[in-house]
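Q: Take a look at this one; I'll ask things after.
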Amino acid sequence: QVQLVESGGGWVQPGGSLRLSCAASASIFNIVAMGWYRQAPGKERELVATVTTGSTTYADSVKGRFTISRDYAKNTVDLQMNSMKPEDTAVYYCNVRERTATMTADYWGQGTQVTVSS
């Protein structure tokens with residue numbers, strides 16, 4: 001059974017830092033991408049950052065502040081968030097994309113709340 005376990009959300013003051021972690025179960029064999037998305041109240045889910053073999057992508061709003069890292073051996077992906085802003089407040093979701101010769105599947109974590117406020 002596919003399982004993504006997230007940790008590290010919480011509350012932080014503007015300018016502060018948080019680190020999110022996500023561990024994917026060993027049953028996902030052909031991972032082509034791992035990343036983080038977020039959804040603020042009243043808004044659609046949006047890409048924050050994603051990492052594939054050899055490349056990373058960041059939303060313009062987080063470039064220079066957030067860093068995504070992936071451990072290929074452990075099937076984990078972390079998101080280091082620095083210089084946080086109130087507009088970073090959202091539920092953050094871990095995403096894993098699996099691709100085989102016959103299908104592509106996206107798996108999602110349960111979401112972790114991140115709140116940036118004074």
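Within each chain, counting starts at residue 1; across the structure tokens, chains are named A, B, ... in the order shown, with ligands numbered 1 upward in that order.
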Run DSSP on the backbone and grab whatever in chain A lands in helix (DSSP H, G or I); send it over as a list in words.

A: Asp60, Ser61, Val62, Pro86, Glu87 and Asp88 of chain A

Q: Would you list the contacts of segment 46-63 of chain A as a ChimeraX atom specification, taking every protein, DNA or RNA residue within 7 Å and counting only C-alpha atoms, but skipping same-chain residues closer than 6 positions in sequence?

A: /A:32-39

Q: Could you save the residues just selected, with all heavy atoms, as a JSON list (two decimals), in the first residue's frame?

A:
[["chain", "number", "residue", "atom", "x", "y", "z"],
["A", 32, "VAL", "N", 9.49, 9.17, -10.46],
["A", 32, "VAL", "CA", 10.11, 10.09, -11.41],
["A", 32, "VAL", "C", 10.18, 11.51, -10.85],
["A", 32, "VAL", "O", 10.93, 12.34, -11.36],
["A", 32, "VAL", "CB", 9.37, 10.10, -12.75],
["A", 32, "VAL", "CG1", 9.52, 8.75, -13.44],
["A", 32, "VAL", "CG2", 7.90, 10.46, -12.59],
["A", 33, "ALA", "N", 9.40, 11.80, -9.83],
["A", 33, "ALA", "CA", 9.45, 13.13, -9.23],
["A", 33, "ALA", "C", 8.92, 13.07, -7.80],
["A", 33, "ALA", "O", 8.03, 12.28, -7.49],
["A", 33, "ALA", "CB", 8.62, 14.12, -10.03],
["A", 34, "MET", "N", 9.47, 13.92, -6.97],
["A", 34, "MET", "CA", 8.96, 14.12, -5.61],
["A", 34, "MET", "C", 8.91, 15.62, -5.38],
["A", 34, "MET", "O", 9.80, 16.36, -5.85],
["A", 34, "MET", "CB", 9.86, 13.46, -4.57],
["A", 34, "MET", "CG", 9.99, 11.96, -4.71],
["A", 34, "MET", "SD", 10.97, 11.20, -3.39],
["A", 34, "MET", "CE", 9.78, 11.21, -2.03],
["A", 35, "GLY", "N", 7.91, 16.07, -4.66],
["A", 35, "GLY", "CA", 7.82, 17.50, -4.46],
["A", 35, "GLY", "C", 6.80, 17.90, -3.43],
["A", 35, "GLY", "O", 6.23, 17.06, -2.72],
["A", 36, "TRP", "N", 6.60, 19.20, -3.35],
["A", 36, "TRP", "CA", 5.67, 19.79, -2.40],
["A", 36, "TRP", "C", 4.74, 20.77, -3.12],
["A", 36, "TRP", "O", 5.17, 21.55, -3.98],
["A", 36, "TRP", "CB", 6.43, 20.54, -1.31],
["A", 36, "TRP", "CG", 7.18, 19.64, -0.40],
["A", 36, "TRP", "CD1", 8.47, 19.21, -0.53],
["A", 36, "TRP", "CD2", 6.68, 19.02, 0.79],
["A", 36, "TRP", "NE1", 8.80, 18.37, 0.50],
["A", 36, "TRP", "CE2", 7.72, 18.23, 1.33],
["A", 36, "TRP", "CE3", 5.46, 19.06, 1.46],
["A", 36, "TRP", "CZ2", 7.57, 17.48, 2.49],
["A", 36, "TRP", "CZ3", 5.31, 18.32, 2.62],
["A", 36, "TRP", "CH2", 6.35, 17.54, 3.12],
["A", 37, "TYR", "N", 3.48, 20.70, -2.75],
["A", 37, "TYR", "CA", 2.46, 21.62, -3.21],
["A", 37, "TYR", "C", 1.83, 22.25, -1.97],
["A", 37, "TYR", "O", 2.01, 21.76, -0.85],
["A", 37, "TYR", "CB", 1.38, 20.88, -4.02],
["A", 37, "TYR", "CG", 1.84, 20.42, -5.37],
["A", 37, "TYR", "CD1", 2.76, 19.39, -5.51],
["A", 37, "TYR", "CD2", 1.35, 21.00, -6.54],
["A", 37, "TYR", "CE1", 3.20, 18.96, -6.76],
["A", 37, "TYR", "CE2", 1.76, 20.58, -7.80],
["A", 37, "TYR", "CZ", 2.69, 19.56, -7.89],
["A", 37, "TYR", "OH", 3.10, 19.14, -9.13],
["A", 38, "ARG", "N", 1.10, 23.32, -2.17],
["A", 38, "ARG", "CA", 0.41, 23.94, -1.05],
["A", 38, "ARG", "C", -0.94, 24.49, -1.49],
["A", 38, "ARG", "O", -1.14, 24.80, -2.66],
["A", 38, "ARG", "CB", 1.25, 25.06, -0.42],
["A", 38, "ARG", "CG", 1.46, 26.29, -1.31],
["A", 38, "ARG", "CD", 2.44, 27.24, -0.64],
["A", 38, "ARG", "NE", 2.65, 28.44, -1.45],
["A", 38, "ARG", "CZ", 3.57, 29.37, -1.18],
["A", 38, "ARG", "NH1", 4.36, 29.25, -0.10],
["A", 38, "ARG", "NH2", 3.69, 30.43, -1.95],
["A", 39, "GLN", "N", -1.83, 24.59, -0.53],
["A", 39, "GLN", "CA", -3.16, 25.13, -0.80],
["A", 39, "GLN", "C", -3.56, 26.05, 0.34],
["A", 39, "GLN", "O", -3.69, 25.60, 1.49],
["A", 39, "GLN", "CB", -4.18, 24.01, -0.97],
["A", 39, "GLN", "CG", -5.54, 24.50, -1.42],
["A", 39, "GLN", "CD", -6.44, 23.36, -1.89],
["A", 39, "GLN", "OE1", -6.20, 22.20, -1.59],
["A", 39, "GLN", "NE2", -7.46, 23.70, -2.64]]

Q: Between A:Ile68, A:Ala73, A:Val12, A:Cys22, which residue has the minimum interatomic distance to Gly109 of chain A, considering only C-alpha atoms?

A: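 When distances to Gly109 of chain A are compared using only C-alpha atoms, the smallest one comes from A:Cys22.
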
Q: Would you mind telling me which residue in A:Asn75, A:Thr104, A:Thr67, A:Asp88 lies nearest to Gly10 of chain A when using only C-alpha atoms?

A: A:Asp88

Q: Find the residue from A:Ser7, A:Thr100, A:Gly42, A:Val91 that sits nearest to Ala23 of chain A; use only C-alpha atoms when measuring.

A: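 Of A:Ser7, A:Thr100, A:Gly42, A:Val91, the one nearest Ala23 of chain A is A:Ser7, counting only C-alpha atoms.
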